[in-house]
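The next block holds one structure in the form of structure tokens; read it before the comments.
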Amino acid sequence: MIVAPSLLAADFLHLDREVAMINSSAADWLHMDIMDGQFVPNISFGFPVVEAVAKVCRKPLDVHLMVERPEQWIDTLAGLGAAFMNVHAEATRHLHRTVQAIRAAGMRPAVTLCPATPVVMLEDIITDVDMVLLMSVNPGFGGQKFIAGTIDKIKRLRRLIDESGSAALIEVDGGINHVTAEAVRAAGCDAVVAGTAVFRAERPHEEIAYYHSL
Ligand code: DX5
Ligand code: ZN
């Protein structure tokens, strides 16, 4: 399975060491969580941090914007070389326009759904996106407990993707550990985000390799 460690759980005093660890690991992407204190009740880090990390990170950046009106930042993020731009369906009024603009700017568009947002929201956009990110916790904080209903949601999304002929990947974010990772994989998930499980592990390389092997 694709594994995207989330920098939110890294040691911010030593980001150089953390990125070097990611570079030398089996990680497929590096997940970066940007928050604005409006869409979610927390603020993490902003574009200067993405810029600094992008200069040394050799893995594609999977940037998750937990901000209101994420379409404001398309050019900024494209300029920083982000591979994926994840926008919340709940945070942008014209999702179709936003998705097209992300692709036109040279990034891969991904749409994120909060736990309470149903998969049917994506019916008319699913063939336009490269990935759907399902939140398995309420966004804003690392270290939360996986919401069990996500498993059924993954199955519903898998069906929608397969029936529509979309090539979108399914990524799951929040509360990932060995048990929940195996469950999401079995339900049809392609990629997991893992914050606490990777960066707070005794042996992060081994943790990453484990998720990668599923
Ligand atoms: C939460 C973020 C996640 C977070 C996951 O709002 O979107 O990416 O870093 O953290 P863990 O893996 O600790 O649940
Ligand atoms: Zn995230």
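Just so we're on the same page: first chain in the structure tokens is A, next is B, and so on; residues restart at 1 for each chain, and ligands are numbered from 1 in the order they show up.
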At a cut-off of 7 Å, can you tabulate as CSV every residue of chain A near ligand 2 together with its closest atom pair and the distance in Å to one decimal, using only C-alpha atoms and all ligand atoms and ordering rows by chain then number?
residue,atom,partner,partner_atom_place_in_ligand_line,distance
A:Ser6,CA,ligand 2,1 (Zn),6.6
A:His31,CA,ligand 2,1 (Zn),6.6
A:Met32,CA,ligand 2,1 (Zn),6.6
A:Asp33,CA,ligand 2,1 (Zn),5.0
A:His64,CA,ligand 2,1 (Zn),5.3
A:Asp173,CA,ligand 2,1 (Zn),5.7
A:Val193,CA,ligand 2,1 (Zn),6.9
Discussion item. Residues of chain A classed as helix (DSSP H, G or I) by DSSP on the backbone are to be reported as a PyMOL selection string.
Written reply: chain A and resi 7-9+12-23+47-56+70-79+95-104+119-122+126-128+150-164+178-187+196-199+204-213
Worksheet entry | Within 10 Å of ligand 1, counting only C-alpha atoms and all ligand atoms, residues as a ChimeraX atom specification | /A:4-10,31-35,40-42,44,63-66,112,114,133-146,172-177,192-200
Could you write out that same residue set with N, CA and C atoms as a compact mmCIF listing (two decimals), in the first residue's frame?
# COMPACT_ATOMS: atom_id res chain seq x y z
N ALA A 4 2.05 7.50 3.22
CA ALA A 4 2.41 8.92 3.26
C ALA A 4 2.52 9.37 4.72
N PRO A 5 3.72 9.33 5.29
CA PRO A 5 3.88 9.81 6.66
C PRO A 5 3.46 11.28 6.76
N SER A 6 2.78 11.64 7.85
CA SER A 6 2.31 13.01 8.03
C SER A 6 3.28 13.80 8.91
N LEU A 7 3.81 14.85 8.33
CA LEU A 7 4.82 15.68 9.01
C LEU A 7 4.29 16.35 10.28
N LEU A 8 2.96 16.39 10.42
CA LEU A 8 2.36 17.03 11.60
C LEU A 8 2.89 16.42 12.91
N ALA A 9 3.24 15.15 12.88
CA ALA A 9 3.69 14.49 14.11
C ALA A 9 5.22 14.49 14.24
N ALA A 10 5.90 15.19 13.31
CA ALA A 10 7.37 15.21 13.35
C ALA A 10 7.87 16.13 14.45
N HIS A 31 3.17 13.57 3.51
CA HIS A 31 1.89 14.25 3.69
C HIS A 31 2.12 15.49 4.56
N MET A 32 1.61 16.65 4.11
CA MET A 32 1.79 17.89 4.87
C MET A 32 0.43 18.53 5.13
N ASP A 33 0.14 18.80 6.39
CA ASP A 33 -1.16 19.29 6.83
C ASP A 33 -1.13 20.79 7.10
N ILE A 34 -1.83 21.54 6.28
CA ILE A 34 -1.90 22.99 6.48
C ILE A 34 -3.26 23.35 7.06
N MET A 35 -3.27 24.11 8.16
CA MET A 35 -4.53 24.48 8.85
C MET A 35 -4.60 25.99 9.00
N VAL A 40 -10.65 24.39 10.51
CA VAL A 40 -10.43 23.46 11.64
C VAL A 40 -9.97 24.27 12.85
N PRO A 41 -10.24 23.76 14.05
CA PRO A 41 -9.90 24.53 15.26
C PRO A 41 -8.44 24.37 15.67
N ASN A 42 -7.52 24.57 14.72
CA ASN A 42 -6.10 24.46 15.03
C ASN A 42 -5.32 25.14 13.91
N SER A 44 -1.43 24.74 12.07
CA SER A 44 -0.25 23.88 12.08
C SER A 44 0.96 24.66 11.58
N VAL A 63 -0.10 17.46 -0.22
CA VAL A 63 -0.44 18.57 0.66
C VAL A 63 -1.95 18.61 0.93
N HIS A 64 -2.29 18.56 2.20
CA HIS A 64 -3.68 18.49 2.67
C HIS A 64 -4.05 19.84 3.27
N LEU A 65 -4.92 20.57 2.57
CA LEU A 65 -5.28 21.91 3.01
C LEU A 65 -6.55 21.88 3.85
N MET A 66 -6.40 22.09 5.15
CA MET A 66 -7.57 22.20 6.03
C MET A 66 -7.83 23.68 6.24
N THR A 112 -10.98 15.87 -0.39
CA THR A 112 -11.03 15.29 0.95
C THR A 112 -12.44 15.42 1.52
N CYS A 114 -14.70 15.06 5.14
CA CYS A 114 -14.76 14.89 6.60
C CYS A 114 -15.62 13.66 6.91
N LEU A 133 -9.45 11.63 -0.49
CA LEU A 133 -8.91 11.44 0.85
C LEU A 133 -10.08 11.37 1.82
N LEU A 134 -10.25 10.22 2.43
CA LEU A 134 -11.31 10.07 3.44
C LEU A 134 -10.70 10.32 4.82
N MET A 135 -11.27 11.27 5.53
CA MET A 135 -10.83 11.53 6.91
C MET A 135 -11.44 10.46 7.81
N SER A 136 -10.58 9.77 8.54
CA SER A 136 -11.06 8.76 9.49
C SER A 136 -11.02 9.30 10.92
N VAL A 137 -10.77 10.62 11.03
CA VAL A 137 -10.93 11.37 12.29
C VAL A 137 -11.45 12.74 11.86
N ASN A 138 -11.94 13.52 12.81
CA ASN A 138 -12.28 14.91 12.47
C ASN A 138 -10.98 15.69 12.32
N PRO A 139 -10.81 16.41 11.20
CA PRO A 139 -9.53 17.03 10.91
C PRO A 139 -9.14 18.11 11.91
N GLY A 140 -7.85 18.28 12.10
CA GLY A 140 -7.34 19.35 12.96
C GLY A 140 -6.26 18.90 13.93
N PHE A 141 -6.24 17.62 14.25
CA PHE A 141 -5.29 17.15 15.26
C PHE A 141 -4.77 15.76 14.91
N GLY A 142 -3.52 15.52 15.28
CA GLY A 142 -2.97 14.18 15.18
C GLY A 142 -3.35 13.38 16.41
N GLY A 143 -3.06 12.10 16.37
CA GLY A 143 -3.20 11.26 17.55
C GLY A 143 -4.62 10.94 17.98
N GLN A 144 -5.60 11.07 17.09
CA GLN A 144 -6.99 10.75 17.46
C GLN A 144 -7.33 9.30 17.10
N LYS A 145 -8.48 8.87 17.61
CA LYS A 145 -8.91 7.49 17.41
C LYS A 145 -9.65 7.34 16.07
N PHE A 146 -9.32 6.30 15.36
CA PHE A 146 -9.94 5.95 14.07
C PHE A 146 -11.45 5.77 14.23
N VAL A 172 -6.64 7.26 3.12
CA VAL A 172 -7.32 7.39 4.42
C VAL A 172 -6.36 8.06 5.39
N ASP A 173 -6.91 8.99 6.18
CA ASP A 173 -6.09 9.84 7.05
C ASP A 173 -6.68 9.94 8.45
N GLY A 174 -5.91 9.50 9.45
CA GLY A 174 -6.30 9.67 10.84
C GLY A 174 -6.42 8.36 11.60
N GLY A 175 -5.68 8.26 12.69
CA GLY A 175 -5.80 7.08 13.55
C GLY A 175 -5.28 5.79 12.94
N ILE A 176 -4.32 5.93 12.01
CA ILE A 176 -3.78 4.72 11.38
C ILE A 176 -2.74 4.06 12.29
N ASN A 177 -2.94 2.76 12.50
CA ASN A 177 -1.96 1.92 13.19
C ASN A 177 -1.99 0.56 12.50
N VAL A 192 -2.34 5.14 2.80
CA VAL A 192 -2.62 5.60 4.17
C VAL A 192 -1.69 6.74 4.54
N VAL A 193 -2.26 7.65 5.34
CA VAL A 193 -1.47 8.71 5.96
C VAL A 193 -1.21 8.23 7.39
N ALA A 194 0.02 8.36 7.84
CA ALA A 194 0.32 7.93 9.22
C ALA A 194 1.22 8.97 9.87
N GLY A 195 0.70 9.63 10.89
CA GLY A 195 1.45 10.66 11.62
C GLY A 195 2.11 10.07 12.84
N THR A 196 1.32 9.98 13.91
CA THR A 196 1.81 9.46 15.18
C THR A 196 2.49 8.10 15.01
N ALA A 197 1.85 7.23 14.23
CA ALA A 197 2.35 5.85 14.10
C ALA A 197 3.77 5.81 13.54
N VAL A 198 4.13 6.80 12.72
CA VAL A 198 5.47 6.80 12.12
C VAL A 198 6.44 7.64 12.95
N PHE A 199 6.08 8.90 13.18
CA PHE A 199 7.06 9.82 13.78
C PHE A 199 7.27 9.62 15.28
N ARG A 200 6.32 8.98 15.94
CA ARG A 200 6.51 8.72 17.37
C ARG A 200 6.95 7.28 17.61
Worksheet item: Which parts of chain A does DSSP call strand (DSSP E or B) when run on the backbone here, written out as a PyMOL selection string?
Response: chain A and resi 2-6+30-35+45+61-66+84-88+108-113+131-135+169-173+191-194
For the residues in that selection, give me N, CA and C atoms as a CSV table (one decimal), in the first residue's frame.
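Below is the file that was written, selection_33.csv:
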chain,number,residue,atom,x,y,z
A,2,ILE,N,0.4,2.3,-0.6
A,2,ILE,CA,1.1,3.6,-0.6
A,2,ILE,C,1.1,4.1,0.8
A,3,VAL,N,2.2,4.6,1.3
A,3,VAL,CA,2.3,5.2,2.6
A,3,VAL,C,2.8,6.6,2.6
A,4,ALA,N,2.1,7.5,3.2
A,4,ALA,CA,2.4,8.9,3.3
A,4,ALA,C,2.5,9.4,4.7
A,5,PRO,N,3.7,9.3,5.3
A,5,PRO,CA,3.9,9.8,6.7
A,5,PRO,C,3.5,11.3,6.8
A,6,SER,N,2.8,11.6,7.9
A,6,SER,CA,2.3,13.0,8.0
A,6,SER,C,3.3,13.8,8.9
A,30,LEU,N,5.3,12.3,1.1
A,30,LEU,CA,5.3,13.0,2.4
A,30,LEU,C,4.0,13.8,2.5
A,31,HIS,N,3.2,13.6,3.5
A,31,HIS,CA,1.9,14.3,3.7
A,31,HIS,C,2.1,15.5,4.6
A,32,MET,N,1.6,16.7,4.1
A,32,MET,CA,1.8,17.9,4.9
A,32,MET,C,0.4,18.5,5.1
A,33,ASP,N,0.1,18.8,6.4
A,33,ASP,CA,-1.2,19.3,6.8
A,33,ASP,C,-1.1,20.8,7.1
A,34,ILE,N,-1.8,21.5,6.3
A,34,ILE,CA,-1.9,23.0,6.5
A,34,ILE,C,-3.3,23.3,7.1
A,35,MET,N,-3.3,24.1,8.2
A,35,MET,CA,-4.5,24.5,8.8
A,35,MET,C,-4.6,26.0,9.0
A,45,PHE,N,1.2,24.6,10.3
A,45,PHE,CA,2.3,25.4,9.7
A,45,PHE,C,1.8,25.8,8.3
A,61,LEU,N,5.2,15.5,-2.6
A,61,LEU,CA,4.5,16.1,-1.5
A,61,LEU,C,3.0,16.0,-1.7
A,62,ASP,N,2.3,15.5,-0.7
A,62,ASP,CA,0.9,15.3,-0.7
A,62,ASP,C,0.4,16.3,0.3
A,63,VAL,N,-0.1,17.5,-0.2
A,63,VAL,CA,-0.4,18.6,0.7
A,63,VAL,C,-1.9,18.6,0.9
A,64,HIS,N,-2.3,18.6,2.2
A,64,HIS,CA,-3.7,18.5,2.7
A,64,HIS,C,-4.1,19.8,3.3
A,65,LEU,N,-4.9,20.6,2.6
A,65,LEU,CA,-5.3,21.9,3.0
A,65,LEU,C,-6.6,21.9,3.8
A,66,MET,N,-6.4,22.1,5.2
A,66,MET,CA,-7.6,22.2,6.0
A,66,MET,C,-7.8,23.7,6.2
A,84,PHE,N,0.4,16.5,-5.0
A,84,PHE,CA,-1.1,16.4,-4.8
A,84,PHE,C,-1.5,17.7,-4.1
A,85,MET,N,-2.6,18.2,-4.5
A,85,MET,CA,-3.3,19.3,-3.7
A,85,MET,C,-4.6,18.7,-3.2
A,86,ASN,N,-4.7,18.4,-1.9
A,86,ASN,CA,-6.0,17.9,-1.3
A,86,ASN,C,-6.8,19.0,-0.8
A,87,VAL,N,-8.0,19.2,-1.4
A,87,VAL,CA,-8.9,20.3,-0.9
A,87,VAL,C,-10.2,19.6,-0.3
A,88,HIS,N,-10.7,20.2,0.8
A,88,HIS,CA,-11.9,19.7,1.4
A,88,HIS,C,-13.1,20.1,0.6
A,108,ARG,N,-1.8,17.3,-9.1
A,108,ARG,CA,-2.8,16.2,-9.1
A,108,ARG,C,-3.9,16.6,-8.1
A,109,PRO,N,-5.2,16.7,-8.6
A,109,PRO,CA,-6.3,17.1,-7.7
A,109,PRO,C,-6.8,16.0,-6.9
A,110,ALA,N,-6.9,16.3,-5.6
A,110,ALA,CA,-7.5,15.3,-4.6
A,110,ALA,C,-8.6,16.0,-3.8
A,111,VAL,N,-9.7,15.3,-3.6
A,111,VAL,CA,-10.8,15.9,-2.8
A,111,VAL,C,-10.9,15.1,-1.5
A,112,THR,N,-11.0,15.9,-0.4
A,112,THR,CA,-11.0,15.3,1.0
A,112,THR,C,-12.4,15.4,1.5
A,113,LEU,N,-12.9,14.4,2.2
A,113,LEU,CA,-14.2,14.4,2.9
A,113,LEU,C,-14.0,14.2,4.4
A,131,MET,N,-7.4,11.5,-6.7
A,131,MET,CA,-7.5,10.8,-5.4
A,131,MET,C,-8.6,11.4,-4.6
A,132,VAL,N,-9.2,10.5,-3.7
A,132,VAL,CA,-10.1,11.0,-2.7
A,132,VAL,C,-9.5,10.6,-1.4
A,133,LEU,N,-9.4,11.6,-0.5
A,133,LEU,CA,-8.9,11.4,0.8
A,133,LEU,C,-10.1,11.4,1.8
A,134,LEU,N,-10.3,10.2,2.4
A,134,LEU,CA,-11.3,10.1,3.4
A,134,LEU,C,-10.7,10.3,4.8
A,135,MET,N,-11.3,11.3,5.5
A,135,MET,CA,-10.8,11.5,6.9
A,135,MET,C,-11.4,10.5,7.8
A,169,LEU,N,-7.4,7.3,-6.7
A,169,LEU,CA,-6.9,6.5,-5.6
A,169,LEU,C,-7.7,6.8,-4.3
A,170,ILE,N,-7.8,5.9,-3.4
A,170,ILE,CA,-8.4,6.1,-2.1
A,170,ILE,C,-7.3,6.2,-1.1
A,171,GLU,N,-7.3,7.4,-0.4
A,171,GLU,CA,-6.4,7.6,0.7
A,171,GLU,C,-7.2,7.8,2.0
A,172,VAL,N,-6.6,7.3,3.1
A,172,VAL,CA,-7.3,7.4,4.4
A,172,VAL,C,-6.4,8.1,5.4
A,173,ASP,N,-6.9,9.0,6.2
A,173,ASP,CA,-6.1,9.8,7.0
A,173,ASP,C,-6.7,9.9,8.5
A,191,ALA,N,-4.0,4.1,-0.2
A,191,ALA,CA,-2.9,4.8,0.5
A,191,ALA,C,-3.3,5.2,1.9
A,192,VAL,N,-2.3,5.1,2.8
A,192,VAL,CA,-2.6,5.6,4.2
A,192,VAL,C,-1.7,6.7,4.5
A,193,VAL,N,-2.3,7.6,5.3
A,193,VAL,CA,-1.5,8.7,6.0
A,193,VAL,C,-1.2,8.2,7.4
A,194,ALA,N,0.0,8.4,7.8
A,194,ALA,CA,0.3,7.9,9.2
A,194,ALA,C,1.2,9.0,9.9
Discussion item. Could you check the closest approach to Asp124 (chain A) for each of A:Leu160, A:Gly81, A:Val67, A:Ile154 and tell me which residue wins, using only C-alpha atoms?
Written reply: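 Closest to Asp124 (chain A) of all the choices is A:Leu160.
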Discussion item. I'd like the neighbourhood of Ser166 (chain A) as an MDAnalysis selection string, where a residue qualifies if any of its atoms comes within 10 Å (using only C-alpha atoms), though same-chain residues fewer than 4 positions away should be ignored.
Written reply: chainID A and resid 125:131 158 160:162
Practice prompt. With a distance cut-off of 7 Å and only C-alpha atoms, select the neighbouring residues of Asn23 (chain A), excluding the residue or stretch itself and same-chain residues fewer than 2 positions from it, and output the selection as a ChimeraX atom specification.
Written response: /A:19-21,25,57-59
Hey, can you spit out that residue selection with N, CA, C and O atoms as a PDB file, in the first residue's frame?
ATOM      1  N   VAL A  19      13.108  14.903   7.677  1.00  0.00           N
ATOM      2  CA  VAL A  19      12.998  14.755   6.222  1.00  0.00           C
ATOM      3  C   VAL A  19      14.069  13.779   5.706  1.00  0.00           C
ATOM      4  O   VAL A  19      13.802  12.980   4.799  1.00  0.00           O
ATOM      5  N   ALA A  20      15.238  13.811   6.308  1.00  0.00           N
ATOM      6  CA  ALA A  20      16.283  12.844   5.910  1.00  0.00           C
ATOM      7  C   ALA A  20      15.813  11.423   6.186  1.00  0.00           C
ATOM      8  O   ALA A  20      16.049  10.504   5.381  1.00  0.00           O
ATOM      9  N   MET A  21      15.110  11.242   7.297  1.00  0.00           N
ATOM     10  CA  MET A  21      14.562   9.918   7.618  1.00  0.00           C
ATOM     11  C   MET A  21      13.570   9.493   6.534  1.00  0.00           C
ATOM     12  O   MET A  21      13.612   8.373   6.036  1.00  0.00           O
ATOM     13  N   SER A  25      13.668   6.271   3.646  1.00  0.00           N
ATOM     14  CA  SER A  25      12.689   5.243   4.027  1.00  0.00           C
ATOM     15  C   SER A  25      11.922   4.743   2.804  1.00  0.00           C
ATOM     16  O   SER A  25      12.114   5.224   1.701  1.00  0.00           O
ATOM     17  N   CYS A  57      13.204  17.449   0.376  1.00  0.00           N
ATOM     18  CA  CYS A  57      12.461  16.183   0.367  1.00  0.00           C
ATOM     19  C   CYS A  57      12.475  15.574  -1.035  1.00  0.00           C
ATOM     20  O   CYS A  57      12.152  16.247  -2.006  1.00  0.00           O
ATOM     21  N   ARG A  58      12.867  14.306  -1.112  1.00  0.00           N
ATOM     22  CA  ARG A  58      12.904  13.644  -2.417  1.00  0.00           C
ATOM     23  C   ARG A  58      11.634  12.848  -2.719  1.00  0.00           C
ATOM     24  O   ARG A  58      11.535  12.221  -3.774  1.00  0.00           O
ATOM     25  N   LYS A  59      10.683  12.860  -1.811  1.00  0.00           N
ATOM     26  CA  LYS A  59       9.405  12.172  -2.040  1.00  0.00           C
ATOM     27  C   LYS A  59       8.370  13.202  -2.487  1.00  0.00           C
ATOM     28  O   LYS A  59       8.411  14.361  -2.051  1.00  0.00           O
TER      29      LYS A  59
END
Worksheet item: Pick the closest to Ala168 (chain A) from A:Ile151, A:Ala52, A:Ala201, A:Leu122: which is it, counting only C-alpha atoms?
Response: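 The shortest atom-to-atom distance to Ala168 (chain A) comes from A:Leu122.
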Worksheet item: A:Ala167, A:Ala209, A:Leu80, A:Leu214: which is nearest Val184 (chain A), counting only C-alpha atoms?
Response: A:Leu214
